[in-house]
>>> print(open('data15.txt').read())   # compact mmCIF, C-alpha atoms
# COMPACT_ATOMS: atom_id res chain seq x y z
CA MET A 1 12.58 -94.27 -19.48
CA LYS A 2 11.53 -91.93 -16.71
CA PHE A 3 14.10 -89.38 -17.94
CA GLU A 4 12.63 -89.45 -21.46
CA MET A 5 9.09 -88.98 -20.10
CA TYR A 6 10.32 -86.03 -17.94
CA TRP A 7 12.01 -84.38 -20.91
CA THR A 8 8.92 -84.83 -23.06
CA SER A 9 6.78 -83.15 -20.36
CA LEU A 10 9.15 -80.18 -20.14
CA SER A 11 9.12 -79.78 -23.91
CA PHE A 12 5.33 -79.83 -24.00
CA MET A 13 5.08 -77.23 -21.20
CA GLY A 14 7.62 -75.02 -22.96
CA PHE A 15 5.61 -75.22 -26.16
CA ILE A 16 2.47 -74.20 -24.29
CA SER A 17 4.37 -71.29 -22.62
CA LEU A 18 5.72 -70.04 -25.95
CA ALA A 19 2.31 -70.28 -27.48
CA SER A 20 0.86 -68.27 -24.58
CA CYS A 21 3.55 -65.54 -24.88
CA GLY A 22 3.04 -65.30 -28.58
CA GLY A 23 -0.69 -64.82 -28.03
CA LYS A 24 -0.08 -61.95 -25.59
CA LYS A 25 2.35 -60.31 -28.00
CA ASP A 26 -0.17 -60.48 -30.80
CA ALA A 27 -2.81 -59.00 -28.51
CA GLN A 28 -0.51 -56.08 -27.62
CA ASN A 29 0.19 -55.34 -31.27
CA THR A 30 -3.50 -55.19 -32.09
CA PRO A 31 -4.47 -51.50 -32.55
CA PRO A 32 -7.36 -50.14 -30.43
CA PRO A 33 -10.70 -50.00 -32.18
CA ALA A 34 -11.69 -46.79 -33.99
CA VAL A 35 -13.73 -44.32 -31.94
CA SER A 36 -17.08 -43.25 -33.37
CA VAL A 37 -17.24 -39.45 -33.42
CA ASN A 38 -19.27 -36.60 -34.80
CA VAL A 39 -17.46 -33.75 -36.53
CA TYR A 40 -18.08 -30.12 -37.35
CA THR A 41 -16.93 -28.24 -40.45
CA VAL A 42 -15.36 -24.90 -39.56
CA GLN A 43 -16.66 -21.78 -41.31
CA GLU A 44 -16.70 -18.05 -40.68
CA ALA A 45 -19.65 -16.04 -39.42
CA LYS A 46 -20.36 -12.56 -38.08
CA ALA A 47 -19.98 -12.41 -34.32
CA VAL A 48 -21.27 -9.72 -31.96
CA PHE A 49 -19.84 -9.98 -28.48
CA TYR A 50 -18.37 -8.00 -25.61
CA GLU A 51 -14.75 -8.11 -24.49
CA ASP A 52 -13.95 -7.43 -20.85
CA PHE A 53 -11.12 -5.14 -19.73
CA PRO A 54 -10.15 -4.24 -16.16
CA ALA A 55 -10.43 -0.45 -15.84
CA THR A 56 -9.80 2.31 -13.32
CA VAL A 57 -11.77 5.53 -12.83
CA THR A 58 -9.53 8.60 -13.01
CA ALA A 59 -10.27 12.30 -12.53
CA LEU A 60 -9.59 14.45 -15.57
CA ASN A 61 -8.17 17.10 -13.25
CA GLN A 62 -6.90 16.59 -9.71
CA VAL A 63 -4.90 19.03 -7.59
CA GLU A 64 -3.39 18.94 -4.12
CA ILE A 65 -4.16 22.23 -2.39
CA ARG A 66 -1.14 23.67 -0.55
CA PRO A 67 -0.59 27.17 0.91
CA GLN A 68 1.66 29.70 -0.78
CA VAL A 69 2.32 31.69 2.39
CA SER A 70 3.09 30.69 5.96
CA GLY A 71 0.88 31.32 8.97
CA TYR A 72 -1.94 29.86 11.05
CA ILE A 73 -5.25 28.59 9.66
CA THR A 74 -7.92 31.05 10.78
CA GLY A 75 -10.88 29.82 8.74
CA ILE A 76 -12.18 26.64 7.06
CA PHE A 77 -15.11 27.34 4.72
CA LEU A 78 -15.89 23.95 3.23
CA LYS A 79 -17.88 20.83 3.89
CA GLU A 80 -15.78 17.74 3.30
CA GLY A 81 -16.87 15.72 0.31
CA GLN A 82 -19.08 18.45 -1.14
CA HIS A 83 -19.17 19.67 -4.72
CA ILE A 84 -17.58 23.10 -4.96
CA LYS A 85 -17.41 25.79 -7.62
CA LYS A 86 -14.38 27.49 -9.12
CA GLY A 87 -13.31 30.47 -6.99
CA GLN A 88 -15.16 29.29 -3.89
CA LYS A 89 -13.41 30.23 -0.62
CA LEU A 90 -11.89 27.18 1.10
CA TYR A 91 -9.34 28.30 3.75
CA SER A 92 -7.96 31.50 5.23
CA ILE A 93 -4.56 32.13 6.82
CA ASP A 94 -3.82 34.79 9.44
CA GLN A 95 -3.64 38.09 7.48
CA GLN A 96 -2.33 40.52 10.08
CA GLN A 97 1.33 40.58 9.13
CA TYR A 98 0.52 40.58 5.38
CA GLU A 99 -2.04 43.36 5.78
CA ALA A 100 0.50 45.47 7.70
CA ALA A 101 3.15 44.89 5.06
CA TYR A 102 0.70 45.87 2.34
CA GLN A 103 -0.27 49.12 4.05
CA GLN A 104 3.39 49.96 4.55
CA SER A 105 4.08 49.35 0.87
CA LEU A 106 1.25 51.69 -0.08
CA ALA A 107 2.74 54.37 2.14
CA ASN A 108 6.13 53.90 0.48
CA VAL A 109 4.48 54.37 -2.90
CA ASN A 110 2.95 57.64 -1.76
CA VAL A 111 6.32 58.85 -0.42
CA ALA A 112 7.97 57.95 -3.70
CA LYS A 113 5.30 59.85 -5.62
CA ALA A 114 5.84 62.93 -3.45
CA ASN A 115 9.61 62.80 -3.97
CA LEU A 116 9.10 62.40 -7.69
CA GLU A 117 6.80 65.42 -7.78
CA LYS A 118 9.36 67.53 -5.88
CA MET A 119 12.16 66.45 -8.21
CA GLN A 120 10.02 67.24 -11.22
CA GLN A 121 9.39 70.77 -9.90
CA ASP A 122 13.13 71.29 -9.35
CA VAL A 123 13.92 70.16 -12.87
CA ASP A 124 11.28 72.47 -14.34
CA ARG A 125 12.63 75.47 -12.39
CA TYR A 126 16.28 74.72 -13.18
CA THR A 127 15.46 74.27 -16.83
CA GLU A 128 14.01 77.80 -17.05
CA LEU A 129 16.98 79.27 -15.20
CA ALA A 130 19.39 77.40 -17.44
CA LYS A 131 17.75 78.95 -20.48
CA GLN A 132 18.57 82.37 -18.96
CA ASP A 133 22.06 81.15 -18.13
CA ALA A 134 21.28 81.96 -14.47
CA ILE A 135 22.61 78.69 -12.96
CA ALA A 136 25.44 76.33 -13.61
CA LYS A 137 24.72 73.52 -16.06
CA GLN A 138 25.91 71.02 -13.43
CA THR A 139 23.00 71.97 -11.15
CA LEU A 140 20.49 71.10 -13.86
CA ASP A 141 22.27 67.83 -14.59
CA HIS A 142 22.13 66.82 -10.93
CA ALA A 143 18.42 67.67 -10.78
CA LEU A 144 17.71 65.52 -13.85
CA ALA A 145 19.62 62.60 -12.30
CA ASP A 146 17.65 62.97 -9.08
CA LEU A 147 14.42 62.98 -11.09
CA GLN A 148 15.36 59.75 -12.82
CA SER A 149 16.26 58.18 -9.48
CA SER A 150 12.90 59.21 -8.03
CA LYS A 151 11.09 57.56 -10.94
CA MET A 152 12.96 54.30 -10.34
CA GLN A 153 12.23 54.46 -6.60
CA LEU A 154 8.53 54.83 -7.40
CA GLU A 155 8.61 51.79 -9.67
CA ALA A 156 10.37 49.77 -6.97
CA ALA A 157 7.76 50.82 -4.40
CA LYS A 158 4.95 49.79 -6.76
CA ALA A 159 6.61 46.40 -7.40
CA ASN A 160 6.92 45.82 -3.67
CA THR A 161 3.23 46.69 -3.27
CA THR A 162 2.36 44.12 -5.92
CA SER A 163 4.45 41.48 -4.13
CA VAL A 164 3.02 42.00 -0.66
CA GLY A 165 -0.45 42.40 -2.17
CA THR A 166 -0.06 38.98 -3.79
CA ASN A 167 0.94 37.45 -0.46
CA LEU A 168 -2.10 39.08 1.11
CA ARG A 169 -4.37 37.53 -1.53
CA TYR A 170 -2.71 34.13 -0.96
CA THR A 171 -3.96 34.17 2.63
CA THR A 172 -7.37 33.33 1.16
CA ILE A 173 -7.31 29.97 -0.63
CA ARG A 174 -9.97 29.39 -3.29
CA ALA A 175 -11.01 26.44 -5.47
CA PRO A 176 -9.08 26.36 -8.77
CA PHE A 177 -11.93 24.60 -10.66
CA ASP A 178 -15.30 22.91 -10.21
CA GLY A 179 -15.05 19.54 -8.49
CA THR A 180 -15.36 17.51 -5.31
CA ILE A 181 -13.32 18.43 -2.24
CA GLY A 182 -11.81 15.74 -0.03
CA ILE A 183 -11.13 15.42 3.68
CA SER A 184 -9.38 18.43 5.21
CA GLN A 185 -5.85 17.64 6.37
CA VAL A 186 -5.64 20.65 8.71
CA LYS A 187 -7.73 22.07 11.53
CA MET A 188 -8.27 25.57 12.86
CA GLY A 189 -5.03 27.02 14.25
CA THR A 190 -2.73 24.67 12.36
CA ALA A 191 0.59 26.28 11.37
CA VAL A 192 1.24 25.84 7.63
CA LEU A 193 4.30 26.35 5.44
CA PRO A 194 4.27 27.45 1.80
CA GLY A 195 4.38 24.53 -0.66
CA GLN A 196 4.78 21.93 2.09
CA THR A 197 1.61 21.56 4.13
CA LEU A 198 -1.15 19.60 2.37
CA LEU A 199 -4.51 21.22 3.05
CA ASN A 200 -6.84 19.15 0.88
CA THR A 201 -7.30 17.56 -2.54
CA ILE A 202 -9.85 18.54 -5.16
CA SER A 203 -10.75 16.51 -8.25
CA SER A 204 -13.07 17.18 -11.15
CA ASP A 205 -16.04 14.81 -11.27
CA ASP A 206 -18.16 15.52 -14.35
CA PRO A 207 -17.17 14.34 -16.87
CA ILE A 208 -14.79 11.70 -15.55
CA ALA A 209 -12.21 9.42 -17.19
CA VAL A 210 -11.82 5.64 -17.23
CA ASP A 211 -8.41 4.20 -18.13
CA PHE A 212 -7.69 0.66 -19.35
CA ALA A 213 -4.85 -1.20 -21.06
CA VAL A 214 -5.05 -2.21 -24.73
CA ASP A 215 -2.91 -4.95 -26.25
CA ASP A 216 -0.66 -3.79 -29.10
CA LYS A 217 -2.55 -6.05 -31.54
CA GLN A 218 -5.76 -4.10 -30.90
CA ILE A 219 -4.39 -0.57 -31.23
CA SER A 220 -5.65 -0.10 -34.80
CA ARG A 221 -9.13 -1.22 -33.76
CA PHE A 222 -9.33 1.34 -30.94
CA GLU A 223 -7.93 4.04 -33.21
CA GLN A 224 -10.92 3.39 -35.47
CA LEU A 225 -13.25 3.67 -32.49
CA GLN A 226 -11.55 6.93 -31.50
CA ARG A 227 -12.31 8.43 -34.92
CA LYS A 228 -15.93 7.38 -34.56
CA LYS A 229 -18.22 10.30 -33.72
CA ALA A 230 -19.42 10.25 -30.12
CA ASP A 231 -23.08 9.33 -29.71
CA LYS A 232 -25.02 9.43 -26.44
CA LYS A 233 -26.90 6.28 -27.49
CA ASP A 234 -23.78 4.34 -28.49
CA SER A 235 -23.33 1.16 -26.43
CA THR A 236 -19.80 0.31 -27.55
CA PHE A 237 -18.33 1.08 -24.10
CA THR A 238 -20.23 0.00 -20.99
CA LEU A 239 -19.04 -0.04 -17.38
CA ILE A 240 -19.85 -2.80 -14.91
CA LEU A 241 -19.40 -1.47 -11.39
CA PRO A 242 -18.28 -3.51 -8.36
CA GLY A 243 -21.21 -5.66 -7.33
CA GLY A 244 -22.30 -6.22 -10.93
CA MET A 245 -24.36 -3.05 -11.41
CA LYS A 246 -24.31 -1.68 -14.96
CA TYR A 247 -23.45 2.02 -15.21
CA PRO A 248 -26.44 3.63 -16.96
CA PHE A 249 -24.49 6.00 -19.24
CA PRO A 250 -22.24 4.96 -22.16
CA GLY A 251 -18.83 6.51 -22.71
CA HIS A 252 -16.66 7.37 -25.68
CA ILE A 253 -12.95 7.00 -26.29
CA SER A 254 -10.94 10.18 -25.81
CA PHE A 255 -7.38 9.24 -26.73
CA LEU A 256 -4.66 6.59 -26.68
CA ASP A 257 -1.47 7.27 -24.74
CA ARG A 258 1.62 8.43 -26.62
CA ALA A 259 3.62 5.20 -26.12
CA LEU A 260 3.39 1.54 -25.15
CA ASP A 261 4.56 0.15 -21.84
CA PRO A 262 7.71 -1.84 -22.80
CA GLN A 263 7.18 -4.30 -19.94
CA THR A 264 3.57 -5.25 -20.70
CA GLY A 265 3.32 -4.43 -24.42
CA THR A 266 0.10 -2.50 -23.80
CA ILE A 267 -0.99 1.09 -24.28
CA THR A 268 -3.35 3.06 -22.04
CA ALA A 269 -6.66 4.11 -23.55
CA ARG A 270 -8.84 6.75 -21.92
CA LEU A 271 -12.63 6.92 -22.06
CA ILE A 272 -14.87 9.81 -21.01
CA PHE A 273 -18.13 9.17 -19.12
CA PRO A 274 -20.77 11.61 -17.86
CA ASN A 275 -20.97 11.61 -14.06
CA GLN A 276 -23.70 14.00 -12.99
CA SER A 277 -24.76 11.79 -10.08
CA ASN A 278 -21.15 11.40 -8.89
CA ILE A 279 -21.43 7.58 -8.95
CA LEU A 280 -17.96 7.21 -10.44
CA ARG A 281 -15.16 8.24 -8.10
CA PRO A 282 -11.41 8.41 -8.77
CA GLY A 283 -9.61 5.17 -7.96
CA LEU A 284 -12.69 2.96 -8.43
CA THR A 285 -11.89 -0.33 -10.22
CA CYS A 286 -14.49 -1.81 -12.53
CA ASN A 287 -14.95 -3.97 -15.62
CA LEU A 288 -15.27 -2.38 -19.05
CA HIS A 289 -17.43 -4.11 -21.68
CA VAL A 290 -16.30 -3.24 -25.20
CA LYS A 291 -18.72 -4.23 -27.93
CA ASN A 292 -17.11 -6.00 -30.88
CA ALA A 293 -19.43 -5.79 -33.85
CA GLY A 294 -19.17 -5.27 -37.58
CA ILE A 295 -15.40 -5.88 -37.74
CA GLY A 296 -15.35 -8.66 -40.35
CA ASN A 297 -16.13 -12.35 -39.85
CA SER A 298 -14.82 -14.61 -37.12
CA ILE A 299 -14.26 -18.34 -36.84
CA LEU A 300 -16.80 -19.82 -34.43
CA ILE A 301 -16.84 -23.41 -33.20
CA PRO A 302 -18.96 -25.27 -30.64
CA PHE A 303 -17.54 -24.72 -27.18
CA LYS A 304 -17.93 -28.42 -26.34
CA ALA A 305 -15.24 -29.19 -28.94
CA VAL A 306 -12.60 -27.34 -26.90
CA ILE A 307 -10.34 -29.07 -24.37
CA GLU A 308 -8.57 -26.99 -21.71
CA GLN A 309 -5.26 -28.23 -20.33
CA MET A 310 -3.28 -26.08 -17.86
CA GLY A 311 -4.59 -22.82 -19.28
CA GLU A 312 -4.14 -23.85 -22.93
CA TYR A 313 -6.88 -24.84 -25.38
CA PHE A 314 -6.96 -27.70 -27.87
CA VAL A 315 -9.30 -29.36 -30.38
CA PHE A 316 -9.16 -32.63 -32.29
CA VAL A 317 -8.87 -32.03 -36.03
CA VAL A 318 -9.86 -34.76 -38.49
CA ASP A 319 -6.90 -35.92 -40.62
CA SER A 320 -8.10 -38.73 -42.88
CA SER A 321 -9.18 -41.43 -40.40
CA LYS A 322 -7.31 -40.02 -37.43
CA ALA A 323 -7.96 -37.32 -34.81
CA ILE A 324 -4.98 -34.99 -34.38
CA GLN A 325 -4.80 -32.74 -31.33
CA ARG A 326 -4.18 -29.09 -32.26
CA LYS A 327 -3.58 -26.05 -30.04
CA ILE A 328 -5.81 -23.03 -30.64
CA SER A 329 -6.10 -19.47 -29.36
CA ALA A 330 -9.60 -19.12 -27.94
CA GLY A 331 -11.39 -15.78 -27.77
CA ALA A 332 -14.74 -14.70 -26.40
CA LYS A 333 -17.50 -17.21 -25.70
CA ILE A 334 -20.85 -16.49 -27.35
CA ASN A 335 -23.65 -18.68 -26.01
CA ASP A 336 -22.66 -22.28 -26.89
CA LYS A 337 -19.88 -21.25 -29.29
CA VAL A 338 -16.42 -19.75 -28.89
CA ILE A 339 -14.36 -17.54 -31.19
CA VAL A 340 -11.05 -19.00 -32.41
CA ASN A 341 -8.41 -16.32 -32.96
CA ASP A 342 -5.72 -18.68 -34.26
CA GLY A 343 -5.17 -22.37 -34.92
CA LEU A 344 -8.05 -23.21 -37.26
CA LYS A 345 -9.04 -22.25 -40.77
CA VAL A 346 -12.21 -22.45 -42.81
CA ASN A 347 -13.26 -26.00 -43.84
CA ASP A 348 -11.20 -27.70 -41.12
CA GLN A 349 -13.18 -30.54 -39.54
CA ILE A 350 -13.10 -30.88 -35.77
CA VAL A 351 -14.50 -33.51 -33.40
CA VAL A 352 -17.46 -32.36 -31.32
CA ASP A 353 -18.73 -35.67 -29.85
CA GLY A 354 -16.66 -38.58 -28.54
CA ILE A 355 -13.75 -36.40 -27.38
CA GLN A 356 -13.43 -38.18 -24.03
CA LYS A 357 -12.26 -41.40 -25.71
CA LEU A 358 -9.63 -39.75 -27.95
CA HIS A 359 -5.94 -39.09 -27.70
CA ASP A 360 -3.55 -37.61 -30.25
CA GLY A 361 -3.56 -39.88 -33.32
CA SER A 362 -6.61 -41.97 -32.38
CA LEU A 363 -8.40 -43.80 -35.20
CA ILE A 364 -11.90 -42.49 -35.74
CA THR A 365 -15.01 -43.52 -37.59
CA PHE A 366 -18.21 -41.71 -38.37
CA PRO A 367 -21.82 -42.74 -37.77
CA ALA A 368 -23.86 -43.83 -40.74
CA PRO A 369 -25.79 -40.94 -42.36
CA GLY A 370 -28.87 -40.17 -40.33
CA ALA A 371 -27.82 -42.42 -37.46
CA GLY A 372 -26.11 -39.85 -35.22
CA THR A 373 -27.10 -36.72 -33.43
CA ASP A 374 -27.62 -33.33 -34.99
CA SER A 375 -23.87 -32.81 -34.73
CA ALA A 376 -23.31 -35.61 -37.24
CA LYS A 377 -25.20 -33.60 -39.80
CA ASN A 378 -22.66 -30.84 -39.38
CA ARG A 379 -19.90 -32.94 -40.88
CA THR A 380 -20.42 -31.35 -44.26
CA GLY A 381 -22.26 -28.29 -43.04
CA GLY A 382 -21.08 -24.91 -41.72
CA ILE A 383 -21.82 -22.69 -38.81
CA ASN A 384 -25.44 -21.75 -38.54
CA LYS A 385 -25.67 -18.10 -39.48
>>> encode(input="data15.txt", output="structure tokens")
Amino acid sequence: MKFEMYWTSLSFMGFISLASCGGKKDAQNTPPPAVSVNVYTVQEAKAVFYEDFPATVTALNQVEIRPQVSGYITGIFLKEGQHIKKGQKLYSIDQQQYEAAYQQSLANVNVAKANLEKMQQDVDRYTELAKQDAIAKQTLDHALADLQSSKMQLEAAKANTTSVGTNLRYTTIRAPFDGTIGISQVKMGTAVLPGQTLLNTISSDDPIAVDFAVDDKQISRFEQLQRKKADKKDSTFTLILPGGMKYPFPGHISFLDRALDPQTGTITARLIFPNQSNILRPGLTCNLHVKNAGIGNSILIPFKAVIEQMGEYFVFVVDSSKAIQRKISAGAKINDKVIVNDGLKVNDQIVVDGIQKLHDGSLITFPAPGAGTDSAKNRTGGINK
């Protein structure tokens, strides 16, 4: 009797346990409730914005000044960092040996001229005697040969004078163009060697260049900007200097480099900026603002609809009664909106409110008309233009 009662109790407890497990299983199979969201209908609109590019200031012309003759520095005629003019005297090298060589070469020219004059007189005299058959023909031939030799000696003496005269001129080093001179690398009395010793560096400063890298997808756009006529009031290209100061003068595009960098897939573009105040200096790094306006329509969506995950951007797109996560390529941000370069098309509907409660494939529902926020009204509307 006790055994039967014990078995009955076990059976009853087992029934209760099975009923409990079945209830938990049913609860797990119950889908989560739909999330109430507001959506936005994607459309195109004109967008005016600035793109940022890292840029570097570069001199249009920059030269390292090196001597072309050897000797000791005997004069420095510059103030470091000053603006200099083309042809301005910068350095002088000891001239004594070059001056002596030049004077000697002039003397050799005079000797050669005297010999040539003597030989010419001999030829003239022998020619008259030969006409009278008063001398041997061989004598006249030798005189003519000597005359020709004297002419060649004179030409050689003149060439030597030109050479030593050039060396003498090279002892005075002048600025090759207008620009800014750097810090002198030599002092008075320094021994210099031709082509080896660096004296200084000069770079042009007005106008000045700014180089930046352009992605291969944007080459055609910058080619159009290059063909655009330069205008002093054009604000397409603006420089932001270190510290956030805006450079007061706009620039214009000069050219695109001949080829792309195979490692980065970019091409170098060069801009020209006026630089009368010498604010821009070679090697300066800055940010370049490039105005993007009037180049067709762009897809704009509310920035709050975008989710960033490890450097990638996503939105939730409405698919019937579900929210599907989709990767997008985000562009420039304009106020409370962001440009979408890829991933969305016109008339797609995206979630703008309630994103925090969603995951890929979540069921969604929409507020009753007039019950939600202003975003709910955008479900069938477009981007405000």
>>> closest_residue(input="data15.txt", among="A:Thr161, A:Gln263, A:Gln120, A:Gln349", to="Ala100 of chain A", atoms="all atoms listed in the file")
A:Thr161
>>> atom_distance(input="data15.txt", atom1="atom CA of Asp234 of chain A", atom2="atom CA of Glu44 of chain A")
26.5 Å
>>> atom_distance(input="data15.txt", atom1="atom CA of Lys291 of chain A", atom2="atom CA of Leu239 of chain A")
11.4 Å
>>> residues_around(input="data15.txt", residues="Leu140 of chain A", least_positions_apart="6", cutoff="8 Å", atoms="all atoms listed in the file", output="VMD selection string")
chain A and resid 123 126 to 127 130
>>> closest_residue(input="data15.txt", among="A:Glu99, A:Ser203, A:Gln138, A:Lys228", to="Val164 of chain A", atoms="all atoms listed in the file")
A:Glu99
>>> residues_around(input="data15.txt", residues="Ala107 of chain A", least_positions_apart="6", cutoff="10 Å", atoms="all atoms listed in the file", output="count of residues only")
4
>>> atom_distance(input="data15.txt", atom1="atom CA of Ile73 of chain A", atom2="atom CA of Met188 of chain A")
5.3 Å
>>> residues_near_point(input="data15.txt", point="(-13.0, -27.5, -42.0)", cutoff="6 Å", atoms="only C-alpha atoms", output="list in words")
Thr41, Val42, Val346, Asn347, Asp348 and Gln349 of chain A
>>> closest_residue(input="data15.txt", among="A:Ile84, A:Ala332, A:Val39, A:Ala59", to="Pro274 of chain A", atoms="only C-alpha atoms")
A:Ala59
>>> closest_residue(input="data15.txt", among="A:Gly165, A:Gly283, A:Gly354, A:Gly71", to="Ala191 of chain A", atoms="all atoms listed in the file")
A:Gly71
>>> axis_aligned_box(input="data15.txt", around="segment 141-144 of chain A", padding_each_side="6 Å", output="JSON")
{"center_x": 20.0, "center_y": 66.7, "center_z": -12.7, "size_x": 16.6, "size_y": 14.3, "size_z": 15.8}
>>> closest_residue(input="data15.txt", among="A:Tyr102, A:Phe177, A:Tyr72, A:Tyr170", to="Lys86 of chain A", atoms="all atoms listed in the file")
A:Phe177
>>> closest_residue(input="data15.txt", among="A:Pro32, A:Gly81, A:Gly331, A:Pro248", to="Ile202 of chain A", atoms="all atoms listed in the file")
A:Gly81
>>> residues_around(input="data15.txt", residues="Asn200 of chain A", least_positions_apart="6", cutoff="6 Å", atoms="only C-alpha atoms", output="ChimeraX atom specification")
/A:65,184-185
>>> residues_around(input="data15.txt", residues="Gln62 of chain A", least_positions_apart="4", cutoff="12 Å", atoms="only C-alpha atoms", output="PDB file with C-alpha atoms, in the coordinates of the input")
ATOM      1  CA  THR A  58      -9.530   8.600 -13.010  1.00  0.00           C
ATOM      2  CA  ALA A 175     -11.010  26.440  -5.470  1.00  0.00           C
ATOM      3  CA  PRO A 176      -9.080  26.360  -8.770  1.00  0.00           C
ATOM      4  CA  PHE A 177     -11.930  24.600 -10.660  1.00  0.00           C
ATOM      5  CA  ASP A 178     -15.300  22.910 -10.210  1.00  0.00           C
ATOM      6  CA  GLY A 179     -15.050  19.540  -8.490  1.00  0.00           C
ATOM      7  CA  THR A 180     -15.360  17.510  -5.310  1.00  0.00           C
ATOM      8  CA  ILE A 181     -13.320  18.430  -2.240  1.00  0.00           C
ATOM      9  CA  GLY A 182     -11.810  15.740  -0.030  1.00  0.00           C
ATOM     10  CA  ASN A 200      -6.840  19.150   0.880  1.00  0.00           C
ATOM     11  CA  THR A 201      -7.300  17.560  -2.540  1.00  0.00           C
ATOM     12  CA  ILE A 202      -9.850  18.540  -5.160  1.00  0.00           C
ATOM     13  CA  SER A 203     -10.750  16.510  -8.250  1.00  0.00           C
ATOM     14  CA  SER A 204     -13.070  17.180 -11.150  1.00  0.00           C
ATOM     15  CA  ASP A 205     -16.040  14.810 -11.270  1.00  0.00           C
ATOM     16  CA  ILE A 208     -14.790  11.700 -15.550  1.00  0.00           C
ATOM     17  CA  ALA A 209     -12.210   9.420 -17.190  1.00  0.00           C
ATOM     18  CA  ARG A 281     -15.160   8.240  -8.100  1.00  0.00           C
ATOM     19  CA  PRO A 282     -11.410   8.410  -8.770  1.00  0.00           C
ATOM     20  CA  GLY A 283      -9.610   5.170  -7.960  1.00  0.00           C
TER      21      GLY A 283
END
>>> residues_around(input="data15.txt", residues="Leu260 of chain A", least_positions_apart="2", cutoff="12 Å", atoms="all atoms listed in the file", output="ChimeraX atom specification")
/A:213-217,219,256-258,262-269
>>> residues_near_point(input="data15.txt", point="(-3.2, -34.7, -26.0)", cutoff="10 Å", atoms="all atoms listed in the file", output="number ranges by chain")
A: 307, 309, 314-316, 324-327, 358-361
>>> decode(input="data15.txt", residues="segment 42-56 of chain A", atoms="N, CA and C atoms", output="CSV table (one decimal), in the first residue's frame")
chain,number,residue,atom,x,y,z
A,42,VAL,N,14.1,57.7,-48.1
A,42,VAL,CA,15.3,58.2,-48.7
A,42,VAL,C,15.0,58.9,-50.0
A,43,GLN,N,15.5,60.1,-50.2
A,43,GLN,CA,15.4,60.8,-51.5
A,43,GLN,C,16.7,61.5,-51.7
A,44,GLU,N,16.9,62.1,-52.9
A,44,GLU,CA,18.1,62.8,-53.3
A,44,GLU,C,17.8,64.3,-53.1
A,45,ALA,N,18.9,65.1,-52.8
A,45,ALA,CA,18.8,66.5,-52.7
A,45,ALA,C,20.2,67.1,-53.0
A,46,LYS,N,20.2,68.4,-53.4
A,46,LYS,CA,21.5,69.1,-53.6
A,46,LYS,C,22.2,69.3,-52.3
A,47,ALA,N,23.5,69.0,-52.3
A,47,ALA,CA,24.3,69.2,-51.1
A,47,ALA,C,25.5,70.0,-51.4
A,48,VAL,N,25.7,71.0,-50.5
A,48,VAL,CA,26.9,71.9,-50.6
A,48,VAL,C,27.7,71.6,-49.3
A,49,PHE,N,28.9,71.1,-49.5
A,49,PHE,CA,29.7,70.8,-48.3
A,49,PHE,C,31.2,70.9,-48.7
A,50,TYR,N,32.0,70.8,-47.7
A,50,TYR,CA,33.5,70.9,-47.9
A,50,TYR,C,34.1,69.5,-47.5
A,51,GLU,N,35.0,69.1,-48.4
A,51,GLU,CA,35.8,67.9,-48.1
A,51,GLU,C,37.1,68.3,-47.6
A,52,ASP,N,37.7,67.5,-46.7
A,52,ASP,CA,39.0,67.9,-46.1
A,52,ASP,C,40.0,66.9,-46.7
A,53,PHE,N,41.2,67.5,-47.0
A,53,PHE,CA,42.3,66.8,-47.5
A,53,PHE,C,43.6,67.2,-46.8
A,54,PRO,N,44.4,66.3,-46.3
A,54,PRO,CA,45.7,66.7,-45.7
A,54,PRO,C,46.6,67.2,-46.9
A,55,ALA,N,47.2,68.4,-46.7
A,55,ALA,CA,48.0,69.0,-47.7
A,55,ALA,C,49.4,69.5,-47.2
A,56,THR,N,50.3,69.7,-48.1
A,56,THR,CA,51.6,70.1,-47.8
A,56,THR,C,52.0,71.3,-48.7
